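Taking it in order: structure first as structure tokens, then the write-up.
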Amino acid sequence: MDVRASSVGAGQMQSESSAAPSVLLVEAFYGGSHKQLIDLLQENISCSVCTLPAKKWHWRARTAALHFSQTIPTCPSHRVLFCSSVLNLCELVALRPDLARLKKVLYFHENQLVYPVRKDQERDFQYGYNQILSCLVSDVVVFNSAFNMDSFLSSISSFMKKIPDHRPRDLDQLIRPKCVVLYYPVQFPDVSRLLPEHKLVRRSHVDDIITPQDEQEAPRLLSSPDESLTVSCEQQDPHQTTTAEPRTDPRPVSEGDPEDQRRPLHIVWPHREHDKDPELFFSTLIKLKERRLDFHLSVLGETFTDPPEIFPEARRLLDRHILNWGFLPSKDDYLKVLCEADVVVSTAKHEFFGVAMLEAVHCGCYPLCPKALVYPEIFPAEYLYSTPEQLCKRLQSLCRRPDVARRHVVKVDTSSFSWSSLKERYETLLAAQRP
């Protein structure tokens with residue numbers, strides 16, 4: 001397998017401390033949120049790191065275990081092995097018995113039992129099966145949201161029914177006691193210098209923020225499957241559907257030019273993948289255009305080799321409204337667009353956490369998300385829509401009154417998803433003690 005070297009040692013192991021490292025971080029798909037998490041842990045704990053570049057995901061899932069079995073050196077100081085669920089951990093520890101004795105922590109950024117596939121593809125049974133096997137050999141199974149955990153555990157039984165005969169039973173009951181929810185730690189930068197005046201004024205009212213955690217008494221952030229920290233797998237939807245006008249802060253937004261509050265609504269969509277349903281998003285904006293509503297549009301995110309077909313057509317039809325289109329290589333440029341935008345929209349068919357939406361909220365955007373997936377776990381009901389018609393109606397109202405979005409204080413405390421808030425729980429998770 002062709003493995004490129006990277007700054008953190010793709011395909012190689014590096015010790016991040018002169019002291020003998022106790023934690024081994026293994027990432028078979030070192031890119032995106034997987035890379036960000038490994039880098040963050042690498043900066044904050046004594047560890048060794050072994051990665052493969054984020055290419056050819058399907059081959060990484062199939063063959064990374066064999067590669068790592070040959071490239072991870074024996075290290076007697078290792079006490080904990082941390083990896084994402086892309087890796088077939090069952091194969092790795094079978095090939096490397098010295099790694100089997102470690103405390104094995106498996107982290108789910110996403111799960112393959114319910115991950116959407118394109119219509120012309122069949123779900124490959126092997127990927128979900130590998131994840132189940134990895135859970136069975138792990139000591140702790142960590143999910144980045146309760147939705148991710150619940151959807152995985154509740155799908156195991158029906159998934160295993162695809163086996164024609166001699167099916168294993170009650171695997172969810174074996175895995176469930178190992179499971180915990182520990183939110184993905186987002187590194188929110190200081191964007192004060194990028195915020196327009198009205199957002200800076202709003203930010204001064206953060207004491208008014210009401211979080212979903214305030215609305216329901218349910219432990220969400222866990223560090224280990226200790227009895228005192230275990231979350232119930234039976235999550236209830238804490239919110240009710242609403243189509244009401246968003247509530248606003250009654251205090252004045254700005255003493256600046258009031259004309260600035262009447263400029264067109266700036267809508268941002270920071271996604272590119274097919275499972276984010278660009279067809280719904282763009283069809284909604286085309287309806288707004290046909291109704292002669294004025295708005296600005298920024299479509300951000302990485303461009304892939306096989307983008308959904310709707311993108312070029314939408315770009316042509318919405319050209320007059322577009323301010324930004326495509327991947328911005330500079331993180332500062334990306335954050336600047338988020339700070340300038342008014343509304344961030346998700347039309348995801350599937351989302352296990354949603355870093356991009358939280359980053360946009362951190363930059364002062366008003367969120368609109370489906371009342372499904374992980375979103376009710378993070379966002380209060382006033383930011384959720386149940387149907388495409390509701391999404392269109394909400395955006396139509398905001399296009400007519402963009403000042404409503406600009407005055408609104410978003411009731412999501414993004415700091416609860418930050419590394420500073422979650423650091424201790426991750427340190428406990430990676431402590432050498434077995435559960």
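We name chains A, B, ... following the order of the structure tokens; residues begin at 1 in each chain, and ligands are numbered from 1 as shown.
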
Can you list, as a VMD selection string, every protein, DNA or RNA residue that comes within 7 Å of Val268 in chain A when you count only C-alpha atoms, leaving out same-chain residues fewer than 3 positions away? chain A and resid 297 to 299 341 343 to 345

Let me see the file: selected residues, N, CA and C atoms, as a JSON list (two decimals), in the first residue's frame.
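In the end it all went to again-v9.json:
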```json
[["chain", "number", "residue", "atom", "x", "y", "z"],
["A", 297, "LEU", "N", -26.04, 34.37, -1.13],
["A", 297, "LEU", "CA", -25.77, 32.94, -0.90],
["A", 297, "LEU", "C", -24.28, 32.66, -0.88],
["A", 298, "SER", "N", -23.84, 31.89, 0.11],
["A", 298, "SER", "CA", -22.48, 31.35, 0.15],
["A", 298, "SER", "C", -22.57, 29.84, 0.30],
["A", 299, "VAL", "N", -22.00, 29.11, -0.65],
["A", 299, "VAL", "CA", -21.94, 27.65, -0.60],
["A", 299, "VAL", "C", -20.48, 27.28, -0.37],
["A", 341, "ALA", "N", -22.32, 36.04, 7.37],
["A", 341, "ALA", "CA", -23.62, 35.44, 7.04],
["A", 341, "ALA", "C", -24.63, 35.64, 8.16],
["A", 343, "VAL", "N", -27.77, 33.45, 8.24],
["A", 343, "VAL", "CA", -28.48, 32.19, 8.48],
["A", 343, "VAL", "C", -27.64, 31.04, 7.94],
["A", 344, "VAL", "N", -27.50, 29.98, 8.73],
["A", 344, "VAL", "CA", -26.85, 28.76, 8.26],
["A", 344, "VAL", "C", -27.91, 27.67, 8.19],
["A", 345, "VAL", "N", -27.91, 26.94, 7.08],
["A", 345, "VAL", "CA", -28.95, 25.94, 6.83],
["A", 345, "VAL", "C", -28.34, 24.56, 6.72]]
```

Enumerate as a PyMOL selection string all residues of range 376-415 of chain A assigned to helix (DSSP H, G or I) by DSSP on the backbone, naming them with the chain letters and numbers the document uses. chain A and resi 376-378+381-383+388-400+402-407+414-415

Deliver the residues from the most recent selection as a file, using N, CA and C atoms, as a PDB file, in the first residue's frame.
```
ATOM      1  N   PRO A 376     -32.004  17.674  17.177  1.00  0.00           N
ATOM      2  CA  PRO A 376     -32.775  17.972  18.398  1.00  0.00           C
ATOM      3  C   PRO A 376     -31.968  17.788  19.681  1.00  0.00           C
ATOM      4  N   GLU A 377     -30.867  17.074  19.582  1.00  0.00           N
ATOM      5  CA  GLU A 377     -29.987  16.860  20.730  1.00  0.00           C
ATOM      6  C   GLU A 377     -29.165  18.110  21.050  1.00  0.00           C
ATOM      7  N   ILE A 378     -28.963  18.951  20.052  1.00  0.00           N
ATOM      8  CA  ILE A 378     -28.069  20.104  20.184  1.00  0.00           C
ATOM      9  C   ILE A 378     -28.822  21.429  20.107  1.00  0.00           C
ATOM     10  N   ALA A 381     -35.967  23.795  19.875  1.00  0.00           N
ATOM     11  CA  ALA A 381     -36.999  23.543  18.872  1.00  0.00           C
ATOM     12  C   ALA A 381     -37.184  24.688  17.892  1.00  0.00           C
ATOM     13  N   GLU A 382     -36.948  25.919  18.298  1.00  0.00           N
ATOM     14  CA  GLU A 382     -37.210  27.043  17.406  1.00  0.00           C
ATOM     15  C   GLU A 382     -36.289  27.065  16.191  1.00  0.00           C
ATOM     16  N   TYR A 383     -35.220  26.258  16.193  1.00  0.00           N
ATOM     17  CA  TYR A 383     -34.301  26.212  15.068  1.00  0.00           C
ATOM     18  C   TYR A 383     -34.513  24.986  14.189  1.00  0.00           C
ATOM     19  N   PRO A 388     -39.897  20.172   4.118  1.00  0.00           N
ATOM     20  CA  PRO A 388     -39.330  21.156   3.175  1.00  0.00           C
ATOM     21  C   PRO A 388     -40.154  22.429   3.106  1.00  0.00           C
ATOM     22  N   GLU A 389     -41.462  22.296   3.246  1.00  0.00           N
ATOM     23  CA  GLU A 389     -42.328  23.470   3.203  1.00  0.00           C
ATOM     24  C   GLU A 389     -42.048  24.398   4.380  1.00  0.00           C
ATOM     25  N   GLN A 390     -41.814  23.815   5.553  1.00  0.00           N
ATOM     26  CA  GLN A 390     -41.480  24.631   6.716  1.00  0.00           C
ATOM     27  C   GLN A 390     -40.161  25.361   6.520  1.00  0.00           C
ATOM     28  N   LEU A 391     -39.171  24.674   5.947  1.00  0.00           N
ATOM     29  CA  LEU A 391     -37.887  25.322   5.689  1.00  0.00           C
ATOM     30  C   LEU A 391     -38.079  26.505   4.743  1.00  0.00           C
ATOM     31  N   CYS A 392     -38.825  26.305   3.681  1.00  0.00           N
ATOM     32  CA  CYS A 392     -39.055  27.371   2.716  1.00  0.00           C
ATOM     33  C   CYS A 392     -39.780  28.539   3.369  1.00  0.00           C
ATOM     34  N   LYS A 393     -40.771  28.249   4.198  1.00  0.00           N
ATOM     35  CA  LYS A 393     -41.533  29.306   4.870  1.00  0.00           C
ATOM     36  C   LYS A 393     -40.651  30.099   5.814  1.00  0.00           C
ATOM     37  N   ARG A 394     -39.782  29.389   6.571  1.00  0.00           N
ATOM     38  CA  ARG A 394     -38.893  30.082   7.506  1.00  0.00           C
ATOM     39  C   ARG A 394     -37.921  31.000   6.775  1.00  0.00           C
ATOM     40  N   LEU A 395     -37.324  30.497   5.695  1.00  0.00           N
ATOM     41  CA  LEU A 395     -36.394  31.314   4.927  1.00  0.00           C
ATOM     42  C   LEU A 395     -37.105  32.472   4.239  1.00  0.00           C
ATOM     43  N   GLN A 396     -38.315  32.240   3.766  1.00  0.00           N
ATOM     44  CA  GLN A 396     -39.094  33.306   3.138  1.00  0.00           C
ATOM     45  C   GLN A 396     -39.347  34.441   4.129  1.00  0.00           C
ATOM     46  N   SER A 397     -39.716  34.080   5.364  1.00  0.00           N
ATOM     47  CA  SER A 397     -39.956  35.098   6.393  1.00  0.00           C
ATOM     48  C   SER A 397     -38.690  35.881   6.701  1.00  0.00           C
ATOM     49  N   LEU A 398     -37.575  35.174   6.774  1.00  0.00           N
ATOM     50  CA  LEU A 398     -36.320  35.845   7.099  1.00  0.00           C
ATOM     51  C   LEU A 398     -35.813  36.692   5.939  1.00  0.00           C
ATOM     52  N   CYS A 399     -36.093  36.277   4.716  1.00  0.00           N
ATOM     53  CA  CYS A 399     -35.740  37.115   3.570  1.00  0.00           C
ATOM     54  C   CYS A 399     -36.507  38.435   3.607  1.00  0.00           C
ATOM     55  N   ARG A 400     -37.749  38.371   4.049  1.00  0.00           N
ATOM     56  CA  ARG A 400     -38.564  39.586   4.132  1.00  0.00           C
ATOM     57  C   ARG A 400     -38.198  40.450   5.329  1.00  0.00           C
ATOM     58  N   PRO A 402     -34.864  40.375   7.271  1.00  0.00           N
ATOM     59  CA  PRO A 402     -33.517  39.908   7.654  1.00  0.00           C
ATOM     60  C   PRO A 402     -33.069  40.459   9.000  1.00  0.00           C
ATOM     61  N   ASP A 403     -33.639  41.607   9.414  1.00  0.00           N
ATOM     62  CA  ASP A 403     -33.264  42.183  10.708  1.00  0.00           C
ATOM     63  C   ASP A 403     -33.635  41.265  11.865  1.00  0.00           C
ATOM     64  N   VAL A 404     -34.652  40.402  11.657  1.00  0.00           N
ATOM     65  CA  VAL A 404     -35.053  39.462  12.717  1.00  0.00           C
ATOM     66  C   VAL A 404     -33.913  38.507  13.037  1.00  0.00           C
ATOM     67  N   ALA A 405     -33.277  37.955  11.994  1.00  0.00           N
ATOM     68  CA  ALA A 405     -32.138  37.048  12.215  1.00  0.00           C
ATOM     69  C   ALA A 405     -30.965  37.798  12.823  1.00  0.00           C
ATOM     70  N   ARG A 406     -30.784  39.045  12.414  1.00  0.00           N
ATOM     71  CA  ARG A 406     -29.629  39.807  12.891  1.00  0.00           C
ATOM     72  C   ARG A 406     -29.771  40.259  14.326  1.00  0.00           C
ATOM     73  N   ARG A 407     -30.992  40.388  14.806  1.00  0.00           N
ATOM     74  CA  ARG A 407     -31.217  40.798  16.194  1.00  0.00           C
ATOM     75  C   ARG A 407     -31.241  39.609  17.145  1.00  0.00           C
ATOM     76  N   THR A 414     -22.280  27.160  22.511  1.00  0.00           N
ATOM     77  CA  THR A 414     -21.266  26.372  21.797  1.00  0.00           C
ATOM     78  C   THR A 414     -20.089  26.017  22.687  1.00  0.00           C
ATOM     79  N   SER A 415     -19.886  26.755  23.760  1.00  0.00           N
ATOM     80  CA  SER A 415     -18.733  26.465  24.627  1.00  0.00           C
ATOM     81  C   SER A 415     -18.822  25.084  25.260  1.00  0.00           C
TER      82      SER A 415
END
```

Could you pull out all residues of range 299-427 of chain A with a DSSP call of strand (DSSP E or B) and give them as a count of residues only? 16

I'd like to know which of A:Pro116, A:Gly32, A:Pro73, A:Gly128 is closest to Leu87 in chain A, using only C-alpha atoms.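 Ranking A:Pro116, A:Gly32, A:Pro73, A:Gly128 by distance to Leu87 in chain A, first place goes to A:Gly128.
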
Please identify all polymer residues within 6 Å of Leu300 in chain A, counting only C-alpha atoms, omitting same-chain residues fewer than 4 positions from it, and present them as a list of chain:residue names.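 My reading of the contact set: A:Pro270, A:Trp325, A:Gly326, A:Phe327.
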
Deliver the residues from the most recent selection as a file, using N, CA, C and O atoms, as a PDB file, in the first residue's frame.
```pdb
ATOM      1  N   PRO A 270     -22.666  25.282   4.477  1.00  0.00           N
ATOM      2  CA  PRO A 270     -21.274  24.812   4.534  1.00  0.00           C
ATOM      3  C   PRO A 270     -21.134  23.307   4.373  1.00  0.00           C
ATOM      4  O   PRO A 270     -20.567  22.620   5.208  1.00  0.00           O
ATOM      5  N   TRP A 325     -18.605  30.610  -3.530  1.00  0.00           N
ATOM      6  CA  TRP A 325     -18.952  29.267  -4.018  1.00  0.00           C
ATOM      7  C   TRP A 325     -17.707  28.393  -3.990  1.00  0.00           C
ATOM      8  O   TRP A 325     -16.722  28.679  -4.665  1.00  0.00           O
ATOM      9  N   GLY A 326     -17.742  27.350  -3.191  1.00  0.00           N
ATOM     10  CA  GLY A 326     -16.662  26.378  -3.198  1.00  0.00           C
ATOM     11  C   GLY A 326     -15.745  26.488  -2.002  1.00  0.00           C
ATOM     12  O   GLY A 326     -15.943  27.294  -1.081  1.00  0.00           O
ATOM     13  N   PHE A 327     -14.735  25.657  -2.042  1.00  0.00           N
ATOM     14  CA  PHE A 327     -13.804  25.517  -0.936  1.00  0.00           C
ATOM     15  C   PHE A 327     -12.953  26.767  -0.770  1.00  0.00           C
ATOM     16  O   PHE A 327     -12.421  27.307  -1.744  1.00  0.00           O
TER      17      PHE A 327
END
```

Of the residues A:Val49, A:Val361, A:Val355, A:Val105, which is the one nearest to Val409 in chain A, using only C-alpha atoms?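 Looking only at the distances to Val409 in chain A, the closest residue turns out to be A:Val361.
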
I want to know what sits within 10 Å of range 141-145 of chain A, based on only C-alpha atoms, with residues of the same chain fewer than 3 positions away left out; could you give that as number ranges by chain? A: 84-85, 104-111, 134-138, 148-150, 152, 175-185, 220-225, 351-354, 373-375, 377-378, 429

Separation of CA of Ala64 in chain A from CA of Gln131 in chain A, in Å and rounded to one decimal: 13.5 Å

So, with only C-alpha atoms as the atoms that count, which of A:Leu317, A:Leu24, A:Ala61, A:Ile45 lies closest to Glu424 in chain A? A:Ile45

Close residues, Tyr334 in chain A itself excluded, 10 Å, only C-alpha atoms, min 4 positions apart in chain, as a list in words: Pro270, Leu300, Gly301, Asn324, Phe327, Leu328, Pro329, Ser330, Leu338, Cys339 and Ala360 of chain A

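Nearest residue to Trp59 in chain A, choosing from A:Val86, A:Val410, A:Ala94, A:Leu25 and counting only C-alpha atoms: A:Val86.
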
Give the answer as one residue: which of A:Ser151, A:His67, A:Asp172, A:His321 has the shortest atom-to-atom distance to Leu133 in chain A, using only C-alpha atoms?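 The answer is A:Asp172, which sits nearest to Leu133 in chain A.
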